[in-house]
$ cat structure_17.txt   # compact mmCIF, N, CA and C atoms
# COMPACT_ATOMS: atom_id res chain seq x y z
N MET B 17 -39.27 203.77 87.12
CA MET B 17 -40.42 203.37 87.87
C MET B 17 -41.19 202.33 87.06
N ARG B 18 -41.55 201.24 87.72
CA ARG B 18 -42.34 200.20 87.07
C ARG B 18 -43.59 199.94 87.89
N LEU B 19 -44.72 199.93 87.22
CA LEU B 19 -46.01 199.67 87.86
C LEU B 19 -46.72 198.58 87.09
N SER B 20 -47.68 197.93 87.74
CA SER B 20 -48.44 196.90 87.03
C SER B 20 -49.83 196.77 87.63
N ALA B 21 -50.69 196.13 86.86
CA ALA B 21 -52.05 195.82 87.31
C ALA B 21 -52.51 194.59 86.54
N GLU B 22 -53.37 193.82 87.18
CA GLU B 22 -53.98 192.65 86.54
C GLU B 22 -55.38 192.51 87.10
N ARG B 23 -56.34 192.37 86.20
CA ARG B 23 -57.73 192.23 86.62
C ARG B 23 -58.44 191.25 85.71
N SER B 24 -59.44 190.56 86.29
CA SER B 24 -60.33 189.69 85.52
C SER B 24 -61.61 190.47 85.24
N ILE B 25 -62.11 190.32 84.02
CA ILE B 25 -63.33 191.02 83.63
C ILE B 25 -64.26 190.00 82.98
N PRO B 26 -65.51 189.94 83.43
CA PRO B 26 -66.45 188.94 82.90
C PRO B 26 -67.08 189.37 81.57
N ARG B 27 -66.24 189.69 80.61
CA ARG B 27 -66.69 190.08 79.27
C ARG B 27 -65.76 189.43 78.26
N PRO B 28 -66.24 189.24 77.04
CA PRO B 28 -65.37 188.67 76.00
C PRO B 28 -64.11 189.51 75.78
N ALA B 29 -63.00 188.84 75.59
CA ALA B 29 -61.72 189.52 75.41
C ALA B 29 -61.76 190.54 74.27
N ALA B 30 -62.41 190.20 73.17
CA ALA B 30 -62.45 191.11 72.02
C ALA B 30 -63.13 192.43 72.37
N GLU B 31 -64.21 192.38 73.14
CA GLU B 31 -64.91 193.61 73.55
C GLU B 31 -64.05 194.45 74.48
N VAL B 32 -63.39 193.79 75.42
CA VAL B 32 -62.55 194.51 76.38
C VAL B 32 -61.37 195.14 75.65
N PHE B 33 -60.75 194.41 74.73
CA PHE B 33 -59.62 194.98 74.00
C PHE B 33 -60.07 196.19 73.18
N GLU B 34 -61.20 196.08 72.52
CA GLU B 34 -61.71 197.20 71.72
C GLU B 34 -61.89 198.45 72.58
N PHE B 35 -62.42 198.27 73.77
CA PHE B 35 -62.61 199.39 74.70
C PHE B 35 -61.26 199.99 75.11
N LEU B 36 -60.30 199.13 75.50
CA LEU B 36 -58.99 199.60 75.95
C LEU B 36 -58.17 200.24 74.83
N ALA B 37 -58.31 199.74 73.63
CA ALA B 37 -57.51 200.25 72.51
C ALA B 37 -57.98 201.61 72.02
N ASP B 38 -59.18 202.02 72.41
CA ASP B 38 -59.69 203.34 72.02
C ASP B 38 -59.42 204.33 73.15
N ALA B 39 -58.38 205.11 73.00
CA ALA B 39 -57.98 206.07 74.03
C ALA B 39 -59.09 207.06 74.38
N ALA B 40 -60.03 207.27 73.48
CA ALA B 40 -61.14 208.18 73.79
C ALA B 40 -61.96 207.68 74.98
N ASN B 41 -61.85 206.39 75.31
CA ASN B 41 -62.54 205.84 76.47
C ASN B 41 -61.82 206.10 77.79
N ASN B 42 -60.57 206.53 77.75
CA ASN B 42 -59.78 206.69 78.97
C ASN B 42 -60.46 207.54 80.04
N PRO B 43 -61.08 208.67 79.71
CA PRO B 43 -61.73 209.46 80.76
C PRO B 43 -62.88 208.72 81.46
N ARG B 44 -63.39 207.67 80.85
CA ARG B 44 -64.49 206.91 81.45
C ARG B 44 -64.03 206.04 82.61
N TRP B 45 -62.73 205.71 82.65
CA TRP B 45 -62.25 204.81 83.71
C TRP B 45 -60.97 205.25 84.40
N GLN B 46 -60.31 206.28 83.90
CA GLN B 46 -59.08 206.75 84.53
C GLN B 46 -59.35 208.07 85.26
N LYS B 47 -59.24 208.05 86.58
CA LYS B 47 -59.49 209.23 87.39
C LYS B 47 -58.46 210.30 87.04
N GLY B 48 -58.92 211.52 87.01
CA GLY B 48 -58.02 212.63 86.71
C GLY B 48 -57.85 212.90 85.24
N MET B 49 -58.39 212.03 84.40
CA MET B 49 -58.28 212.22 82.95
C MET B 49 -59.31 213.27 82.54
N ARG B 50 -58.84 214.37 82.05
CA ARG B 50 -59.75 215.46 81.66
C ARG B 50 -60.19 215.34 80.21
N ARG B 51 -59.27 214.95 79.34
CA ARG B 51 -59.62 214.78 77.93
C ARG B 51 -58.62 213.85 77.28
N CYS B 52 -59.09 213.21 76.23
CA CYS B 52 -58.24 212.29 75.48
C CYS B 52 -58.80 212.24 74.06
N GLU B 53 -58.00 212.67 73.09
CA GLU B 53 -58.49 212.78 71.71
C GLU B 53 -57.45 212.24 70.72
N TRP B 54 -57.94 211.42 69.80
CA TRP B 54 -57.07 210.95 68.71
C TRP B 54 -56.73 212.11 67.79
N THR B 55 -55.48 212.19 67.37
CA THR B 55 -55.08 213.22 66.41
C THR B 55 -54.77 212.61 65.04
N THR B 56 -54.85 211.28 64.97
CA THR B 56 -54.71 210.60 63.69
C THR B 56 -56.04 209.88 63.40
N PRO B 57 -56.35 209.69 62.12
CA PRO B 57 -57.62 209.04 61.78
C PRO B 57 -57.61 207.55 62.11
N PRO B 58 -58.82 206.97 62.30
CA PRO B 58 -58.91 205.53 62.53
C PRO B 58 -58.50 204.78 61.27
N PRO B 59 -58.23 203.52 61.39
CA PRO B 59 -58.31 202.68 62.58
C PRO B 59 -57.05 202.81 63.43
N THR B 60 -57.16 202.40 64.68
CA THR B 60 -56.02 202.40 65.59
C THR B 60 -55.01 201.35 65.14
N GLY B 61 -53.75 201.73 65.14
CA GLY B 61 -52.68 200.81 64.77
C GLY B 61 -51.34 201.43 65.09
N ILE B 62 -50.28 200.76 64.74
CA ILE B 62 -48.94 201.29 64.98
C ILE B 62 -48.83 202.65 64.30
N GLY B 63 -48.36 203.64 65.05
CA GLY B 63 -48.21 205.00 64.54
C GLY B 63 -49.38 205.91 64.87
N SER B 64 -50.51 205.35 65.35
CA SER B 64 -51.64 206.20 65.76
C SER B 64 -51.21 207.07 66.94
N VAL B 65 -51.73 208.30 66.98
CA VAL B 65 -51.33 209.27 68.00
C VAL B 65 -52.57 209.87 68.64
N TYR B 66 -52.49 210.09 69.96
CA TYR B 66 -53.54 210.82 70.67
C TYR B 66 -52.93 211.75 71.69
N GLU B 67 -53.70 212.77 72.06
CA GLU B 67 -53.30 213.72 73.09
C GLU B 67 -54.24 213.59 74.26
N GLN B 68 -53.68 213.79 75.45
CA GLN B 68 -54.53 213.73 76.63
C GLN B 68 -54.09 214.79 77.63
N GLU B 69 -55.04 215.17 78.45
CA GLU B 69 -54.76 216.05 79.58
C GLU B 69 -55.26 215.35 80.82
N ALA B 70 -54.38 215.22 81.78
CA ALA B 70 -54.72 214.56 83.04
C ALA B 70 -54.24 215.42 84.20
N LYS B 71 -54.82 215.17 85.35
CA LYS B 71 -54.37 215.84 86.56
C LYS B 71 -53.82 214.76 87.49
N PHE B 72 -52.58 214.96 87.95
CA PHE B 72 -51.94 214.01 88.85
C PHE B 72 -51.11 214.80 89.85
N ALA B 73 -51.24 214.44 91.10
CA ALA B 73 -50.49 215.08 92.18
C ALA B 73 -50.69 216.60 92.14
N GLY B 74 -51.90 217.01 91.81
CA GLY B 74 -52.23 218.42 91.82
C GLY B 74 -51.75 219.21 90.61
N ARG B 75 -51.16 218.53 89.66
CA ARG B 75 -50.63 219.22 88.48
C ARG B 75 -51.30 218.72 87.22
N SER B 76 -51.45 219.62 86.27
CA SER B 76 -51.99 219.25 84.96
C SER B 76 -50.84 218.70 84.12
N ILE B 77 -51.08 217.53 83.54
CA ILE B 77 -50.06 216.89 82.69
C ILE B 77 -50.67 216.71 81.31
N ILE B 78 -50.08 217.36 80.33
CA ILE B 78 -50.53 217.23 78.95
C ILE B 78 -49.50 216.36 78.23
N SER B 79 -50.01 215.32 77.60
CA SER B 79 -49.12 214.35 76.96
C SER B 79 -49.62 213.99 75.57
N ARG B 80 -48.69 213.59 74.75
CA ARG B 80 -49.02 213.04 73.43
C ARG B 80 -48.45 211.63 73.40
N PHE B 81 -49.29 210.67 73.01
CA PHE B 81 -48.91 209.26 72.98
C PHE B 81 -48.96 208.73 71.56
N GLU B 82 -48.09 207.76 71.30
CA GLU B 82 -48.09 207.06 70.02
C GLU B 82 -48.21 205.56 70.28
N VAL B 83 -48.99 204.89 69.46
CA VAL B 83 -49.11 203.44 69.54
C VAL B 83 -47.85 202.86 68.90
N THR B 84 -47.10 202.07 69.68
CA THR B 84 -45.83 201.53 69.17
C THR B 84 -45.90 200.04 68.86
N THR B 85 -46.81 199.33 69.50
CA THR B 85 -47.08 197.94 69.11
C THR B 85 -48.59 197.74 69.15
N PHE B 86 -49.07 196.90 68.26
CA PHE B 86 -50.51 196.68 68.20
C PHE B 86 -50.77 195.29 67.64
N GLU B 87 -51.32 194.43 68.48
CA GLU B 87 -51.76 193.11 68.06
C GLU B 87 -53.28 193.11 68.24
N PRO B 88 -54.04 193.27 67.16
CA PRO B 88 -55.50 193.38 67.28
C PRO B 88 -56.11 192.30 68.16
N GLY B 89 -56.94 192.74 69.09
CA GLY B 89 -57.63 191.83 69.98
C GLY B 89 -56.79 191.31 71.12
N ARG B 90 -55.50 191.66 71.16
CA ARG B 90 -54.61 191.07 72.17
C ARG B 90 -53.77 192.06 72.96
N SER B 91 -53.04 192.95 72.28
CA SER B 91 -52.08 193.78 73.00
C SER B 91 -51.86 195.12 72.30
N ILE B 92 -51.65 196.15 73.12
CA ILE B 92 -51.34 197.48 72.61
C ILE B 92 -50.31 198.12 73.53
N THR B 93 -49.32 198.77 72.94
CA THR B 93 -48.35 199.54 73.71
C THR B 93 -48.40 200.97 73.23
N ILE B 94 -48.46 201.88 74.21
CA ILE B 94 -48.43 203.30 73.91
C ILE B 94 -47.23 203.91 74.63
N GLU B 95 -46.61 204.88 73.99
CA GLU B 95 -45.46 205.56 74.59
C GLU B 95 -45.62 207.05 74.40
N THR B 96 -45.18 207.81 75.41
CA THR B 96 -45.26 209.25 75.28
C THR B 96 -44.29 209.73 74.21
N VAL B 97 -44.78 210.68 73.44
CA VAL B 97 -43.96 211.35 72.45
C VAL B 97 -43.54 212.70 73.03
N GLU B 98 -44.48 213.33 73.75
CA GLU B 98 -44.23 214.59 74.44
C GLU B 98 -44.94 214.54 75.78
N SER B 99 -44.20 214.83 76.87
CA SER B 99 -44.82 214.83 78.18
C SER B 99 -43.82 215.28 79.23
N THR B 100 -44.34 215.80 80.35
CA THR B 100 -43.49 216.08 81.50
C THR B 100 -43.33 214.83 82.35
N PHE B 101 -44.08 213.77 82.03
CA PHE B 101 -44.04 212.52 82.77
C PHE B 101 -44.01 211.39 81.76
N PRO B 102 -42.84 211.12 81.15
CA PRO B 102 -42.76 210.12 80.08
C PRO B 102 -43.01 208.69 80.59
N ILE B 103 -43.88 207.97 79.88
CA ILE B 103 -44.19 206.60 80.25
C ILE B 103 -44.44 205.74 79.02
N SER B 104 -44.39 204.44 79.26
CA SER B 104 -44.77 203.44 78.28
C SER B 104 -45.77 202.52 78.97
N VAL B 105 -46.86 202.21 78.28
CA VAL B 105 -47.90 201.35 78.84
C VAL B 105 -48.21 200.24 77.85
N THR B 106 -48.13 199.00 78.33
CA THR B 106 -48.54 197.86 77.53
C THR B 106 -49.75 197.24 78.20
N ARG B 107 -50.84 197.11 77.46
CA ARG B 107 -52.05 196.47 77.96
C ARG B 107 -52.29 195.22 77.13
N THR B 108 -52.48 194.10 77.83
CA THR B 108 -52.71 192.82 77.18
C THR B 108 -54.02 192.24 77.67
N VAL B 109 -54.78 191.68 76.75
CA VAL B 109 -56.06 191.05 77.07
C VAL B 109 -55.99 189.59 76.63
N GLU B 110 -56.28 188.69 77.58
CA GLU B 110 -56.25 187.26 77.28
C GLU B 110 -57.59 186.64 77.66
N PRO B 111 -58.15 185.80 76.78
CA PRO B 111 -59.41 185.14 77.11
C PRO B 111 -59.24 184.17 78.28
N THR B 112 -60.28 184.05 79.09
CA THR B 112 -60.33 183.07 80.18
C THR B 112 -61.67 182.34 80.06
N SER B 113 -61.88 181.35 80.89
CA SER B 113 -63.13 180.58 80.82
C SER B 113 -64.36 181.41 81.19
N ASP B 114 -64.16 182.47 81.96
CA ASP B 114 -65.30 183.29 82.38
C ASP B 114 -65.19 184.74 81.94
N GLY B 115 -64.46 185.01 80.86
CA GLY B 115 -64.31 186.37 80.35
C GLY B 115 -62.90 186.58 79.85
N CYS B 116 -62.17 187.46 80.54
CA CYS B 116 -60.79 187.73 80.13
C CYS B 116 -59.98 188.27 81.29
N ARG B 117 -58.68 188.28 81.09
CA ARG B 117 -57.75 188.86 82.05
C ARG B 117 -57.03 190.01 81.34
N VAL B 118 -57.00 191.15 82.01
CA VAL B 118 -56.30 192.32 81.51
C VAL B 118 -55.06 192.52 82.36
N THR B 119 -53.92 192.68 81.70
CA THR B 119 -52.70 193.02 82.43
C THR B 119 -52.14 194.31 81.86
N ALA B 120 -51.55 195.08 82.73
CA ALA B 120 -50.93 196.34 82.32
C ALA B 120 -49.53 196.39 82.91
N ALA B 121 -48.58 196.78 82.09
CA ALA B 121 -47.20 197.01 82.52
C ALA B 121 -46.86 198.45 82.16
N ILE B 122 -46.53 199.22 83.16
CA ILE B 122 -46.28 200.65 82.98
C ILE B 122 -44.86 200.94 83.43
N SER B 123 -44.11 201.62 82.59
CA SER B 123 -42.75 202.01 82.98
C SER B 123 -42.51 203.45 82.56
N GLY B 124 -41.62 204.07 83.25
CA GLY B 124 -41.30 205.46 82.97
C GLY B 124 -40.98 206.15 84.27
N GLY B 125 -40.96 207.43 84.23
CA GLY B 125 -40.66 208.11 85.47
C GLY B 125 -40.79 209.60 85.35
N PRO B 126 -40.75 210.21 86.50
CA PRO B 126 -40.89 211.65 86.53
C PRO B 126 -39.65 212.35 86.02
N GLY B 127 -39.88 213.55 85.55
CA GLY B 127 -38.79 214.40 85.13
C GLY B 127 -39.00 215.77 85.73
N GLY B 128 -38.05 216.62 85.59
CA GLY B 128 -38.18 217.99 86.06
C GLY B 128 -38.51 218.08 87.54
N VAL B 129 -39.53 218.85 87.85
CA VAL B 129 -39.92 219.10 89.23
C VAL B 129 -40.34 217.82 89.96
N PHE B 130 -40.82 216.81 89.21
CA PHE B 130 -41.28 215.57 89.83
C PHE B 130 -40.13 214.68 90.31
N LEU B 131 -38.93 214.86 89.78
CA LEU B 131 -37.81 213.97 90.06
C LEU B 131 -37.51 213.85 91.56
N VAL B 132 -37.58 214.94 92.28
CA VAL B 132 -37.29 214.94 93.71
C VAL B 132 -38.30 214.08 94.48
N LEU B 133 -39.50 213.99 93.96
CA LEU B 133 -40.57 213.27 94.65
C LEU B 133 -40.77 211.85 94.13
N ALA B 134 -39.82 211.31 93.41
CA ALA B 134 -39.99 210.01 92.75
C ALA B 134 -40.48 208.89 93.67
N PRO B 135 -39.92 208.67 94.85
CA PRO B 135 -40.42 207.56 95.68
C PRO B 135 -41.89 207.73 96.08
N LEU B 136 -42.26 208.92 96.48
CA LEU B 136 -43.65 209.19 96.85
C LEU B 136 -44.56 209.06 95.63
N LEU B 137 -44.12 209.57 94.49
CA LEU B 137 -44.93 209.50 93.28
C LEU B 137 -45.15 208.06 92.82
N ARG B 138 -44.17 207.20 93.01
CA ARG B 138 -44.33 205.80 92.63
C ARG B 138 -45.47 205.18 93.43
N TRP B 139 -45.47 205.41 94.74
CA TRP B 139 -46.54 204.90 95.60
C TRP B 139 -47.89 205.47 95.17
N MET B 140 -47.95 206.78 94.94
CA MET B 140 -49.19 207.42 94.53
C MET B 140 -49.65 206.89 93.17
N ALA B 141 -48.71 206.73 92.25
CA ALA B 141 -49.05 206.26 90.91
C ALA B 141 -49.58 204.83 90.95
N GLN B 142 -48.97 203.94 91.75
CA GLN B 142 -49.47 202.56 91.85
C GLN B 142 -50.88 202.53 92.43
N ARG B 143 -51.12 203.32 93.44
CA ARG B 143 -52.48 203.41 94.00
C ARG B 143 -53.47 203.89 92.95
N SER B 144 -53.06 204.88 92.17
CA SER B 144 -53.92 205.42 91.12
C SER B 144 -54.20 204.37 90.05
N VAL B 145 -53.16 203.65 89.63
CA VAL B 145 -53.32 202.59 88.62
C VAL B 145 -54.26 201.51 89.13
N ASP B 146 -54.07 201.08 90.38
CA ASP B 146 -54.96 200.06 90.94
C ASP B 146 -56.41 200.53 90.96
N ALA B 147 -56.63 201.75 91.38
CA ALA B 147 -58.00 202.30 91.41
C ALA B 147 -58.57 202.41 90.00
N ASP B 148 -57.75 202.82 89.04
CA ASP B 148 -58.23 202.93 87.65
C ASP B 148 -58.67 201.57 87.12
N TYR B 149 -57.87 200.54 87.37
CA TYR B 149 -58.23 199.22 86.85
C TYR B 149 -59.42 198.63 87.59
N ASP B 150 -59.61 199.00 88.85
CA ASP B 150 -60.86 198.63 89.54
C ASP B 150 -62.05 199.30 88.86
N ARG B 151 -61.89 200.59 88.49
CA ARG B 151 -62.97 201.29 87.77
C ARG B 151 -63.22 200.68 86.40
N LEU B 152 -62.16 200.22 85.74
CA LEU B 152 -62.32 199.55 84.45
C LEU B 152 -63.20 198.32 84.61
N VAL B 153 -62.93 197.52 85.62
CA VAL B 153 -63.74 196.32 85.88
C VAL B 153 -65.19 196.72 86.12
N GLU B 154 -65.41 197.74 86.96
CA GLU B 154 -66.78 198.20 87.21
C GLU B 154 -67.46 198.67 85.94
N GLN B 155 -66.75 199.45 85.15
CA GLN B 155 -67.30 200.01 83.89
C GLN B 155 -67.72 198.89 82.93
N LEU B 156 -66.88 197.87 82.81
CA LEU B 156 -67.15 196.83 81.82
C LEU B 156 -67.94 195.65 82.36
N SER B 157 -68.22 195.65 83.63
CA SER B 157 -69.03 194.57 84.22
C SER B 157 -70.51 194.92 84.27
N ARG B 158 -70.86 196.09 83.83
CA ARG B 158 -72.27 196.53 83.85
C ARG B 158 -73.07 195.85 82.78

$ encode --input "structure_17.txt" --output "structure tokens"
Amino acid sequence: MRLSAERSIPRPAAEVFEFLADAANNPRWQKGMRRCEWTTPPPTGIGSVYEQEAKFAGRSIISRFEVTTFEPGRSITIETVESTFPISVTRTVEPTSDGCRVTAAISGGPGGVFLVLAPLLRWMAQRSVDADYDRLVEQLSR
């Protein structure tokens, strides 16, 4: 399953990247995110790990993510280390004349009980991602 999102945000790229690179901010803009906590000390970089609990499709999903690529101020990739819904997410922030553009590329897929529902879950997941990135724009445009 591959999902994507792209949004313009009227804030400096460095500020937006700092917000996105701190997983502790995820509950502020991702619906269904119950908690998100770093389990490794700062600063964020390759090898940093966090745990999160989210609710999706009526189920609680507990995942552990590791930062696998990190270009300060520009790009971060996180991948599940443990999860019932393994994914990889790359978020990139690029400066524009009126702020920045955020792009997200998400890949992965359901496992176990979710496998039978893969086509429906892809549609639901894309809708969720789009709504989350709309909330990100609202959060950072204040």

$ atom_distance --input "structure_17.txt" --atom1 "atom N of Thr85 in chain B" --atom2 "atom C of Asn41 in chain B"
18.4 Å

$ atom_distance --input "structure_17.txt" --atom1 "atom C of Val32 in chain B" --atom2 "atom N of Ala121 in chain B"
14.4 Å

$ select_by_dssp --input "structure_17.txt" --residues "chain B" --states "alpha helix (DSSP H)" --output "number ranges by chain"
B: 29-37, 42-45, 134-156

$ closest_residue --input "structure_17.txt" --among "B:Arg143, B:Arg151, B:Glu34, B:Met17" --to "Phe101 in chain B" --atoms "only C-alpha atoms"
B:Met17

$ residues_around --input "structure_17.txt" --residues "range 106-110 of chain B" --least-positions-apart "4" --cutoff "10 Å" --atoms "only C-alpha atoms" --output "ChimeraX atom specification"
/B:20-25,28-34,36-37,83-87,89-95,115-123

$ residues_around --input "structure_17.txt" --residues "range 67-80 of chain B" --least-positions-apart "6" --cutoff "7 Å" --atoms "only C-alpha atoms" --output "number ranges by chain"
B: 48-55, 96-100

$ closest_residue --input "structure_17.txt" --among "B:Asp148, B:Glu82, B:Asp114, B:Glu154" --to "Gln46 in chain B" --atoms "only N, CA and C atoms"
B:Asp148

$ closest_residue --input "structure_17.txt" --among "B:Thr112, B:Thr56, B:Leu137, B:Pro102" --to "Gly124 in chain B" --atoms "all atoms listed in the file"
B:Pro102

$ select_by_dssp --input "structure_17.txt" --residues "chain B" --states "strand (DSSP E)" --output "ChimeraX atom specification"
/B:18-25,49-54,65-72,75-87,91-98,103-112,115-124

$ closest_residue --input "structure_17.txt" --among "B:Arg18, B:Arg27, B:Phe35, B:Val153" --to "Pro111 in chain B" --atoms "all atoms listed in the file"
B:Arg27

$ closest_residue --input "structure_17.txt" --among "B:Ser113, B:Ala39, B:Lys47, B:Ser157" --to "Tyr66 in chain B" --atoms "all atoms listed in the file"
B:Ala39

$ atom_distance --input "structure_17.txt" --atom1 "CA of Leu156 in chain B" --atom2 "CA of Arg44 in chain B"
10.4 Å

$ closest_residue --input "structure_17.txt" --among "B:Leu19, B:Ala40, B:Ile62, B:Val105" --to "Gln142 in chain B" --atoms "only C-alpha atoms"
B:Leu19

$ axis_aligned_box --input "structure_17.txt" --around "range 38-56 of chain B" --padding-each-side "4 Å" --output "lines of an AutoDock Vina configuration file"
center_x = -59.6
center_y = 208.7
center_z = 75.4
size_x = 17.8
size_y = 21.4
size_z = 32.0
